[in-house]
>>> print(open('work29.json').read())   # JSON, C-alpha atoms
[["chain", "number", "residue", "atom", "x", "y", "z"],
["O", 1, "MET", "CA", 47.93, 136.13, 30.78],
["O", 2, "PRO", "CA", 51.72, 135.99, 30.51],
["O", 3, "ARG", "CA", 53.54, 132.79, 31.37],
["O", 4, "PRO", "CA", 54.26, 132.58, 35.13],
["O", 5, "LYS", "CA", 57.82, 133.31, 36.18],
["O", 6, "ALA", "CA", 57.75, 131.04, 39.26],
["O", 7, "VAL", "CA", 55.79, 127.92, 40.22],
["O", 8, "VAL", "CA", 54.71, 127.32, 43.81],
["O", 9, "PHE", "CA", 53.72, 123.83, 44.92],
["O", 10, "ASP", "CA", 51.75, 122.69, 47.90],
["O", 11, "LEU", "CA", 53.44, 119.61, 49.37],
["O", 12, "GLY", "CA", 50.92, 117.14, 50.83],
["O", 13, "LYS", "CA", 48.56, 115.53, 48.30],
["O", 14, "VAL", "CA", 50.33, 117.41, 45.49],
["O", 15, "LEU", "CA", 53.96, 116.27, 45.54],
["O", 16, "VAL", "CA", 53.63, 113.56, 48.19],
["O", 17, "ASP", "CA", 50.64, 111.57, 49.33],
["O", 18, "PHE", "CA", 50.18, 110.87, 53.04],
["O", 19, "ASP", "CA", 48.03, 108.69, 55.27],
["O", 20, "TYR", "CA", 47.69, 109.47, 58.98],
["O", 21, "SER", "CA", 46.10, 106.06, 59.54],
["O", 22, "ILE", "CA", 49.60, 104.57, 59.14],
["O", 23, "ALA", "CA", 50.83, 106.65, 62.07],
["O", 24, "GLY", "CA", 47.65, 105.86, 64.01],
["O", 25, "ARG", "CA", 48.20, 102.12, 63.75],
["O", 26, "ARG", "CA", 51.88, 102.27, 64.68],
["O", 27, "ILE", "CA", 51.39, 104.55, 67.67],
["O", 28, "ALA", "CA", 48.32, 102.64, 68.87],
["O", 29, "ALA", "CA", 50.28, 99.39, 68.84],
["O", 30, "ARG", "CA", 52.50, 100.86, 71.55],
["O", 31, "GLY", "CA", 49.79, 102.63, 73.55],
["O", 32, "LYS", "CA", 46.42, 102.34, 75.22],
["O", 33, "THR", "CA", 44.06, 103.85, 72.62],
["O", 34, "SER", "CA", 42.74, 102.55, 69.31],
["O", 35, "ALA", "CA", 44.33, 103.38, 65.98],
["O", 36, "ALA", "CA", 41.22, 105.33, 64.95],
["O", 37, "GLU", "CA", 41.32, 107.37, 68.16],
["O", 38, "VAL", "CA", 45.02, 108.11, 67.72],
["O", 39, "GLN", "CA", 44.49, 109.19, 64.12],
["O", 40, "LYS", "CA", 41.58, 111.45, 65.08],
["O", 41, "PHE", "CA", 43.57, 112.98, 67.93],
["O", 42, "ILE", "CA", 46.56, 113.74, 65.71],
["O", 43, "ASP", "CA", 44.76, 114.81, 62.55],
["O", 44, "HIS", "CA", 41.58, 116.49, 63.82],
["O", 45, "SER", "CA", 42.47, 118.23, 67.04],
["O", 46, "PRO", "CA", 43.90, 121.67, 67.88],
["O", 47, "LEU", "CA", 47.16, 119.87, 68.70],
["O", 48, "LEU", "CA", 48.31, 119.54, 65.09],
["O", 49, "PHE", "CA", 47.37, 123.15, 64.35],
["O", 50, "ARG", "CA", 49.54, 124.30, 67.26],
["O", 51, "PHE", "CA", 52.42, 122.14, 66.07],
["O", 52, "GLU", "CA", 52.13, 123.26, 62.46],
["O", 53, "THR", "CA", 52.07, 126.93, 63.42],
["O", 54, "GLY", "CA", 55.21, 126.62, 65.53],
["O", 55, "GLN", "CA", 53.42, 127.12, 68.85],
["O", 56, "MET", "CA", 54.99, 124.01, 70.34],
["O", 57, "SER", "CA", 58.25, 122.12, 69.91],
["O", 58, "ARG", "CA", 58.45, 118.54, 68.73],
["O", 59, "LYS", "CA", 59.21, 117.49, 72.32],
["O", 60, "GLN", "CA", 56.07, 119.24, 73.54],
["O", 61, "PHE", "CA", 54.03, 117.70, 70.73],
["O", 62, "PHE", "CA", 55.40, 114.26, 71.58],
["O", 63, "ALA", "CA", 54.64, 114.74, 75.27],
["O", 64, "GLU", "CA", 51.01, 115.66, 74.53],
["O", 65, "VAL", "CA", 50.51, 112.69, 72.22],
["O", 66, "GLN", "CA", 52.21, 110.39, 74.72],
["O", 67, "SER", "CA", 50.07, 111.55, 77.65],
["O", 68, "THR", "CA", 46.85, 111.11, 75.66],
["O", 69, "THR", "CA", 47.60, 107.83, 73.88],
["O", 70, "GLY", "CA", 49.83, 106.10, 76.41],
["O", 71, "PHE", "CA", 52.53, 105.61, 73.78],
["O", 72, "ASP", "CA", 55.44, 103.90, 75.53],
["O", 73, "GLY", "CA", 58.22, 104.52, 73.00],
["O", 74, "THR", "CA", 60.95, 107.13, 72.70],
["O", 75, "LEU", "CA", 60.82, 110.44, 70.87],
["O", 76, "ASP", "CA", 62.94, 108.96, 68.06],
["O", 77, "GLU", "CA", 60.56, 106.02, 67.70],
["O", 78, "PHE", "CA", 57.58, 108.34, 67.69],
["O", 79, "THR", "CA", 59.21, 110.54, 65.06],
["O", 80, "GLY", "CA", 59.59, 107.56, 62.76],
["O", 81, "PHE", "CA", 56.02, 106.38, 63.34],
["O", 82, "PHE", "CA", 54.53, 109.86, 62.93],
["O", 83, "ALA", "CA", 56.53, 111.06, 59.93],
["O", 84, "ASP", "CA", 56.96, 107.93, 57.81],
["O", 85, "ILE", "CA", 53.52, 108.23, 56.21],
["O", 86, "PHE", "CA", 54.46, 109.77, 52.86],
["O", 87, "SER", "CA", 54.80, 108.42, 49.33],
["O", 88, "PRO", "CA", 55.92, 110.44, 46.29],
["O", 89, "ILE", "CA", 53.41, 111.29, 43.55],
["O", 90, "GLN", "CA", 55.66, 110.48, 40.61],
["O", 91, "PRO", "CA", 53.86, 112.33, 37.77],
["O", 92, "MET", "CA", 54.01, 115.52, 39.84],
["O", 93, "LEU", "CA", 57.69, 115.02, 40.57],
["O", 94, "LYS", "CA", 58.24, 114.67, 36.82],
["O", 95, "LEU", "CA", 56.32, 117.92, 36.31],
["O", 96, "HIS", "CA", 58.57, 119.63, 38.82],
["O", 97, "ALA", "CA", 61.70, 118.16, 37.20],
["O", 98, "ALA", "CA", 60.59, 119.42, 33.78],
["O", 99, "LEU", "CA", 60.18, 122.94, 35.13],
["O", 100, "ARG", "CA", 63.61, 122.83, 36.77],
["O", 101, "GLN", "CA", 65.21, 121.60, 33.55],
["O", 102, "ARG", "CA", 63.75, 124.62, 31.76],
["O", 103, "GLY", "CA", 65.11, 127.00, 34.38],
["O", 104, "ILE", "CA", 61.76, 127.93, 35.98],
["O", 105, "PRO", "CA", 62.15, 128.70, 39.72],
["O", 106, "THR", "CA", 60.06, 126.44, 41.96],
["O", 107, "TYR", "CA", 59.02, 126.68, 45.60],
["O", 108, "VAL", "CA", 57.31, 124.59, 48.29],
["O", 109, "PHE", "CA", 54.43, 126.26, 50.16],
["O", 110, "SER", "CA", 52.98, 124.02, 52.86],
["O", 111, "ASN", "CA", 51.00, 123.76, 56.06],
["O", 112, "THR", "CA", 53.31, 121.30, 57.77],
["O", 113, "ASN", "CA", 55.56, 120.57, 60.73],
["O", 114, "GLU", "CA", 59.23, 120.01, 61.43],
["O", 115, "LEU", "CA", 58.90, 116.23, 61.83],
["O", 116, "ALA", "CA", 57.28, 115.82, 58.42],
["O", 117, "VAL", "CA", 59.72, 118.15, 56.68],
["O", 118, "GLY", "CA", 62.71, 116.47, 58.31],
["O", 119, "HIS", "CA", 61.55, 113.05, 57.17],
["O", 120, "ILE", "CA", 60.75, 114.18, 53.62],
["O", 121, "ARG", "CA", 64.07, 115.98, 53.31],
["O", 122, "LYS", "CA", 65.92, 112.85, 54.42],
["O", 123, "SER", "CA", 63.87, 110.34, 52.44],
["O", 124, "PHE", "CA", 63.09, 112.03, 49.11],
["O", 125, "PRO", "CA", 65.91, 113.63, 47.09],
["O", 126, "PHE", "CA", 63.48, 115.76, 45.06],
["O", 127, "PHE", "CA", 62.81, 117.93, 48.12],
["O", 128, "SER", "CA", 66.25, 119.55, 47.94],
["O", 129, "GLN", "CA", 65.67, 120.75, 44.38],
["O", 130, "PHE", "CA", 63.51, 123.81, 45.03],
["O", 131, "ASN", "CA", 64.59, 127.45, 45.10],
["O", 132, "GLY", "CA", 62.88, 128.09, 48.42],
["O", 133, "TYR", "CA", 60.44, 126.85, 51.05],
["O", 134, "VAL", "CA", 57.61, 128.49, 52.97],
["O", 135, "CYS", "CA", 56.38, 126.19, 55.74],
["O", 136, "SER", "CA", 53.70, 127.16, 58.23],
["O", 137, "TYR", "CA", 55.55, 126.01, 61.35],
["O", 138, "GLU", "CA", 58.40, 128.44, 60.62],
["O", 139, "HIS", "CA", 56.12, 131.48, 60.30],
["O", 140, "GLY", "CA", 53.46, 131.01, 62.98],
["O", 141, "VAL", "CA", 50.53, 131.04, 60.57],
["O", 142, "MET", "CA", 48.78, 128.63, 58.22],
["O", 143, "LYS", "CA", 47.17, 128.82, 54.80],
["O", 144, "PRO", "CA", 44.80, 130.34, 53.82],
["O", 145, "ASP", "CA", 45.90, 133.26, 56.04],
["O", 146, "ALA", "CA", 47.10, 136.08, 53.78],
["O", 147, "LYS", "CA", 50.19, 136.63, 55.94],
["O", 148, "LEU", "CA", 51.71, 133.36, 54.73],
["O", 149, "TYR", "CA", 51.04, 134.27, 51.09],
["O", 150, "GLU", "CA", 52.89, 137.53, 51.67],
["O", 151, "VAL", "CA", 55.88, 135.46, 52.78],
["O", 152, "VAL", "CA", 55.73, 133.54, 49.50],
["O", 153, "GLU", "CA", 55.83, 136.78, 47.55],
["O", 154, "ARG", "CA", 58.85, 137.95, 49.52],
["O", 155, "VAL", "CA", 60.67, 134.63, 49.09],
["O", 156, "THR", "CA", 59.94, 134.32, 45.37],
["O", 157, "ARG", "CA", 60.32, 138.05, 44.70],
["O", 158, "ARG", "CA", 57.25, 137.68, 42.51],
["O", 159, "GLU", "CA", 53.63, 138.69, 42.84],
["O", 160, "GLY", "CA", 50.30, 138.50, 41.05],
["O", 161, "GLU", "CA", 50.20, 136.69, 37.73],
["O", 162, "GLN", "CA", 53.95, 136.06, 37.87],
["O", 163, "ILE", "CA", 53.19, 133.19, 40.28],
["O", 164, "ALA", "CA", 51.58, 129.87, 39.35],
["O", 165, "TYR", "CA", 50.30, 128.00, 42.39],
["O", 166, "LEU", "CA", 49.17, 124.37, 42.71],
["O", 167, "ASP", "CA", 47.16, 123.29, 45.78],
["O", 168, "ASP", "CA", 44.67, 120.48, 46.36],
["O", 169, "ARG", "CA", 42.62, 122.48, 48.88],
["O", 170, "LEU", "CA", 40.32, 124.88, 47.07],
["O", 171, "GLU", "CA", 40.26, 127.48, 49.86],
["O", 172, "ASN", "CA", 44.05, 127.70, 49.74],
["O", 173, "ALA", "CA", 44.10, 128.02, 45.96],
["O", 174, "GLN", "CA", 41.40, 130.70, 46.12],
["O", 175, "ALA", "CA", 43.47, 132.71, 48.59],
["O", 176, "GLY", "CA", 46.21, 132.76, 45.97],
["O", 177, "ALA", "CA", 43.75, 133.74, 43.27],
["O", 178, "ALA", "CA", 42.65, 136.66, 45.44],
["O", 179, "ARG", "CA", 46.22, 137.96, 45.18],
["O", 180, "GLY", "CA", 46.20, 137.63, 41.39],
["O", 181, "TRP", "CA", 48.19, 134.40, 41.29],
["O", 182, "GLN", "CA", 47.51, 131.96, 38.47],
["O", 183, "ILE", "CA", 46.12, 128.97, 40.30],
["O", 184, "ILE", "CA", 45.80, 125.27, 39.54],
["O", 185, "HIS", "CA", 43.37, 123.48, 41.83],
["O", 186, "HIS", "CA", 45.12, 120.11, 41.96],
["O", 187, "GLN", "CA", 42.83, 117.10, 41.74],
["O", 188, "THR", "CA", 44.77, 114.64, 39.58],
["O", 189, "PRO", "CA", 48.27, 114.80, 38.12],
["O", 190, "GLU", "CA", 46.82, 114.61, 34.61],
["O", 191, "ASN", "CA", 44.59, 117.62, 35.17],
["O", 192, "SER", "CA", 47.37, 119.64, 36.79],
["O", 193, "ILE", "CA", 49.84, 118.89, 34.01],
["O", 194, "ALA", "CA", 47.26, 119.93, 31.41],
["O", 195, "ALA", "CA", 46.51, 123.10, 33.36],
["O", 196, "ALA", "CA", 50.23, 123.91, 33.58],
["O", 197, "ARG", "CA", 50.48, 123.63, 29.81],
["O", 198, "ARG", "CA", 47.51, 125.96, 29.39],
["O", 199, "LEU", "CA", 49.42, 128.52, 31.45],
["O", 200, "GLY", "CA", 52.26, 128.24, 28.94],
["O", 201, "LEU", "CA", 54.60, 126.34, 31.23],
["O", 202, "PRO", "CA", 57.11, 124.09, 29.41],
["O", 203, "VAL", "CA", 56.04, 120.68, 30.72]]
>>> encode(input="work29.json", output="structure tokens")
Amino acid sequence: MPRPKAVVFDLGKVLVDFDYSIAGRRIAARGKTSAAEVQKFIDHSPLLFRFETGQMSRKQFFAEVQSTTGFDGTLDEFTGFFADIFSPIQPMLKLHAALRQRGIPTYVFSNTNELAVGHIRKSFPFFSQFNGYVCSYEHGVMKPDAKLYEVVERVTRREGEQIAYLDDRLENAQAGAARGWQIIHHQTPENSIAAARRLGLPV
């Protein structure tokens, strides 16, 4: 296959790690439910899906969490507790930087929400260095729905084998493969960097 002309990165667990238990502990310390219950409510309920598909505002999301957990802080406090759960995955940021230095367009493609993106944009300078962003909450649909992949193709102005796509979730990577994208199922930075080289990318 020819070398990809654009590289599309998932965000969570690919470029940044995250841990919802951090948010669970912080919110629980100011509420009436346990940290484990808070984490389960945030991470494994329809609430997060609604928030990450733009079906509710951050104020509505906060109100639902507050009413369920008894959190007694402000929206700003909650935003900090909820969003400050990320840490950069440095080898992957170096991979991205190498692609940028060689003039390869790069994009973020993520199931995420406005609180997370706002925090990452403010806290991690690397986030400003992409050519474009496709985030689920802005388009009303989440991966692996084909509609969001169509958005990526419009934003990148590429399709099929012109796109290399890294994602840690196999079902999301496979949805890209179904469109002819060259996929890298991210499991470790070392494996992803080696796979990028096999695709002919200059990293």
>>> closest_residue(input="work29.json", among="O:Phe124, O:Phe61, O:Phe51, O:Trp181", to="Glu161 of chain O", atoms="only C-alpha atoms")
O:Trp181
>>> closest_residue(input="work29.json", among="O:Tyr137, O:Phe18, O:Tyr149, O:Tyr165", to="Gly54 of chain O", atoms="only C-alpha atoms")
O:Tyr137
>>> atom_distance(input="work29.json", atom1="atom CA of Val134 of chain O", atom2="atom CA of Lys147 of chain O")
11.4 Å
>>> atom_distance(input="work29.json", atom1="atom CA of Ala36 of chain O", atom2="atom CA of Tyr20 of chain O")
9.7 Å
>>> atom_distance(input="work29.json", atom1="atom CA of Ala29 of chain O", atom2="atom CA of Gln55 of chain O")
27.9 Å
>>> closest_residue(input="work29.json", among="O:Ala83, O:Val38, O:Cys135, O:Ile22", to="Glu64 of chain O", atoms="all atoms listed in the file")
O:Val38
>>> closest_residue(input="work29.json", among="O:Ser123, O:Gln66, O:Thr79, O:Ser57", to="Gly31 of chain O", atoms="all atoms listed in the file")
O:Gln66
>>> residues_around(input="work29.json", residues="segment 3-7 of chain O", least_positions_apart="6", cutoff="12 Å", atoms="all atoms listed in the file", output="PyMOL selection string")
chain O and resi 95-100+102-109+130-133+152-153+155-167+180-184+196-203
>>> write_last_selection(input="work29.json", atoms="C-alpha atoms", output="PDB file, keeping the file's coordinate frame")
ATOM      1  CA  LEU O  95      56.320 117.920  36.310  1.00  0.00           C
ATOM      2  CA  HIS O  96      58.570 119.630  38.820  1.00  0.00           C
ATOM      3  CA  ALA O  97      61.700 118.160  37.200  1.00  0.00           C
ATOM      4  CA  ALA O  98      60.590 119.420  33.780  1.00  0.00           C
ATOM      5  CA  LEU O  99      60.180 122.940  35.130  1.00  0.00           C
ATOM      6  CA  ARG O 100      63.610 122.830  36.770  1.00  0.00           C
ATOM      7  CA  ARG O 102      63.750 124.620  31.760  1.00  0.00           C
ATOM      8  CA  GLY O 103      65.110 127.000  34.380  1.00  0.00           C
ATOM      9  CA  ILE O 104      61.760 127.930  35.980  1.00  0.00           C
ATOM     10  CA  PRO O 105      62.150 128.700  39.720  1.00  0.00           C
ATOM     11  CA  THR O 106      60.060 126.440  41.960  1.00  0.00           C
ATOM     12  CA  TYR O 107      59.020 126.680  45.600  1.00  0.00           C
ATOM     13  CA  VAL O 108      57.310 124.590  48.290  1.00  0.00           C
ATOM     14  CA  PHE O 109      54.430 126.260  50.160  1.00  0.00           C
ATOM     15  CA  PHE O 130      63.510 123.810  45.030  1.00  0.00           C
ATOM     16  CA  ASN O 131      64.590 127.450  45.100  1.00  0.00           C
ATOM     17  CA  GLY O 132      62.880 128.090  48.420  1.00  0.00           C
ATOM     18  CA  TYR O 133      60.440 126.850  51.050  1.00  0.00           C
ATOM     19  CA  VAL O 152      55.730 133.540  49.500  1.00  0.00           C
ATOM     20  CA  GLU O 153      55.830 136.780  47.550  1.00  0.00           C
ATOM     21  CA  VAL O 155      60.670 134.630  49.090  1.00  0.00           C
ATOM     22  CA  THR O 156      59.940 134.320  45.370  1.00  0.00           C
ATOM     23  CA  ARG O 157      60.320 138.050  44.700  1.00  0.00           C
ATOM     24  CA  ARG O 158      57.250 137.680  42.510  1.00  0.00           C
ATOM     25  CA  GLU O 159      53.630 138.690  42.840  1.00  0.00           C
ATOM     26  CA  GLY O 160      50.300 138.500  41.050  1.00  0.00           C
ATOM     27  CA  GLU O 161      50.200 136.690  37.730  1.00  0.00           C
ATOM     28  CA  GLN O 162      53.950 136.060  37.870  1.00  0.00           C
ATOM     29  CA  ILE O 163      53.190 133.190  40.280  1.00  0.00           C
ATOM     30  CA  ALA O 164      51.580 129.870  39.350  1.00  0.00           C
ATOM     31  CA  TYR O 165      50.300 128.000  42.390  1.00  0.00           C
ATOM     32  CA  LEU O 166      49.170 124.370  42.710  1.00  0.00           C
ATOM     33  CA  ASP O 167      47.160 123.290  45.780  1.00  0.00           C
ATOM     34  CA  GLY O 180      46.200 137.630  41.390  1.00  0.00           C
ATOM     35  CA  TRP O 181      48.190 134.400  41.290  1.00  0.00           C
ATOM     36  CA  GLN O 182      47.510 131.960  38.470  1.00  0.00           C
ATOM     37  CA  ILE O 183      46.120 128.970  40.300  1.00  0.00           C
ATOM     38  CA  ILE O 184      45.800 125.270  39.540  1.00  0.00           C
ATOM     39  CA  ALA O 196      50.230 123.910  33.580  1.00  0.00           C
ATOM     40  CA  ARG O 197      50.480 123.630  29.810  1.00  0.00           C
ATOM     41  CA  ARG O 198      47.510 125.960  29.390  1.00  0.00           C
ATOM     42  CA  LEU O 199      49.420 128.520  31.450  1.00  0.00           C
ATOM     43  CA  GLY O 200      52.260 128.240  28.940  1.00  0.00           C
ATOM     44  CA  LEU O 201      54.600 126.340  31.230  1.00  0.00           C
ATOM     45  CA  PRO O 202      57.110 124.090  29.410  1.00  0.00           C
ATOM     46  CA  VAL O 203      56.040 120.680  30.720  1.00  0.00           C
TER      47      VAL O 203
END
>>> closest_residue(input="work29.json", among="O:Ile85, O:Val16, O:Val65, O:Ile120", to="Glu37 of chain O", atoms="all atoms listed in the file")
O:Val65
>>> residues_near_point(input="work29.json", point="(54.4, 129.6, 68.3)", cutoff="12 Å", atoms="only C-alpha atoms", output="MDAnalysis selection string")
chainID O and resid 49:58 60 113 136:142
>>> closest_residue(input="work29.json", among="O:Ser192, O:Phe41, O:His186, O:Ser128", to="Ser21 of chain O", atoms="only C-alpha atoms")
O:Phe41
>>> residues_around(input="work29.json", residues="Gln39 of chain O", least_positions_apart="4", cutoff="10 Å", atoms="all atoms listed in the file", output="list of chain:residue names")
O:Asp19, O:Tyr20, O:Ser21, O:Ile22, O:Ala23, O:Gly24, O:Arg25, O:Ile27, O:Ala28, O:Ser34, O:Ala35, O:Asp43, O:His44, O:Ser45
>>> decode(input="work29.json", residues="segment 166-178 of chain O", atoms="N, CA, C and O atoms", output="PDB file, in the first residue's frame")
ATOM      1  N   LEU O 166      -4.920   5.394  14.278  1.00  0.00           N
ATOM      2  CA  LEU O 166      -4.506   4.702  15.490  1.00  0.00           C
ATOM      3  C   LEU O 166      -5.618   4.795  16.537  1.00  0.00           C
ATOM      4  O   LEU O 166      -6.068   5.904  16.874  1.00  0.00           O
ATOM      5  N   ASP O 167      -6.047   3.633  17.044  1.00  0.00           N
ATOM      6  CA  ASP O 167      -7.073   3.604  18.097  1.00  0.00           C
ATOM      7  C   ASP O 167      -6.822   2.388  18.983  1.00  0.00           C
ATOM      8  O   ASP O 167      -6.460   1.321  18.494  1.00  0.00           O
ATOM      9  N   ASP O 168      -7.036   2.569  20.292  1.00  0.00           N
ATOM     10  CA  ASP O 168      -6.825   1.442  21.210  1.00  0.00           C
ATOM     11  C   ASP O 168      -8.010   0.490  21.248  1.00  0.00           C
ATOM     12  O   ASP O 168      -7.862  -0.660  21.665  1.00  0.00           O
ATOM     13  N   ARG O 169      -9.177   0.936  20.828  1.00  0.00           N
ATOM     14  CA  ARG O 169     -10.363   0.076  20.847  1.00  0.00           C
ATOM     15  C   ARG O 169     -10.493  -0.610  19.487  1.00  0.00           C
ATOM     16  O   ARG O 169     -10.636   0.050  18.447  1.00  0.00           O
ATOM     17  N   LEU O 170     -10.474  -1.932  19.518  1.00  0.00           N
ATOM     18  CA  LEU O 170     -10.435  -2.696  18.273  1.00  0.00           C
ATOM     19  C   LEU O 170     -11.658  -2.425  17.402  1.00  0.00           C
ATOM     20  O   LEU O 170     -11.540  -2.308  16.175  1.00  0.00           O
ATOM     21  N   GLU O 171     -12.849  -2.308  18.010  1.00  0.00           N
ATOM     22  CA  GLU O 171     -14.048  -2.089  17.209  1.00  0.00           C
ATOM     23  C   GLU O 171     -13.990  -0.753  16.462  1.00  0.00           C
ATOM     24  O   GLU O 171     -14.505  -0.628  15.350  1.00  0.00           O
ATOM     25  N   ASN O 172     -13.342   0.239  17.066  1.00  0.00           N
ATOM     26  CA  ASN O 172     -13.204   1.529  16.400  1.00  0.00           C
ATOM     27  C   ASN O 172     -12.196   1.456  15.258  1.00  0.00           C
ATOM     28  O   ASN O 172     -12.409   2.021  14.181  1.00  0.00           O
ATOM     29  N   ALA O 173     -11.097   0.750  15.504  1.00  0.00           N
ATOM     30  CA  ALA O 173     -10.108   0.565  14.441  1.00  0.00           C
ATOM     31  C   ALA O 173     -10.705  -0.224  13.277  1.00  0.00           C
ATOM     32  O   ALA O 173     -10.503   0.115  12.103  1.00  0.00           O
ATOM     33  N   GLN O 174     -11.479  -1.252  13.590  1.00  0.00           N
ATOM     34  CA  GLN O 174     -12.079  -2.072  12.536  1.00  0.00           C
ATOM     35  C   GLN O 174     -13.069  -1.281  11.689  1.00  0.00           C
ATOM     36  O   GLN O 174     -13.194  -1.524  10.484  1.00  0.00           O
ATOM     37  N   ALA O 175     -13.759  -0.329  12.320  1.00  0.00           N
ATOM     38  CA  ALA O 175     -14.677   0.518  11.546  1.00  0.00           C
ATOM     39  C   ALA O 175     -13.911   1.368  10.540  1.00  0.00           C
ATOM     40  O   ALA O 175     -14.410   1.657   9.445  1.00  0.00           O
ATOM     41  N   GLY O 176     -12.699   1.775  10.898  1.00  0.00           N
ATOM     42  CA  GLY O 176     -11.846   2.468   9.937  1.00  0.00           C
ATOM     43  C   GLY O 176     -11.368   1.545   8.834  1.00  0.00           C
ATOM     44  O   GLY O 176     -11.361   1.913   7.655  1.00  0.00           O
ATOM     45  N   ALA O 177     -10.987   0.321   9.241  1.00  0.00           N
ATOM     46  CA  ALA O 177     -10.524  -0.648   8.242  1.00  0.00           C
ATOM     47  C   ALA O 177     -11.611  -0.950   7.226  1.00  0.00           C
ATOM     48  O   ALA O 177     -11.333  -1.160   6.035  1.00  0.00           O
ATOM     49  N   ALA O 178     -12.867  -0.954   7.679  1.00  0.00           N
ATOM     50  CA  ALA O 178     -13.985  -1.223   6.775  1.00  0.00           C
ATOM     51  C   ALA O 178     -14.120  -0.149   5.702  1.00  0.00           C
ATOM     52  O   ALA O 178     -14.729  -0.378   4.655  1.00  0.00           O
TER      53      ALA O 178
END
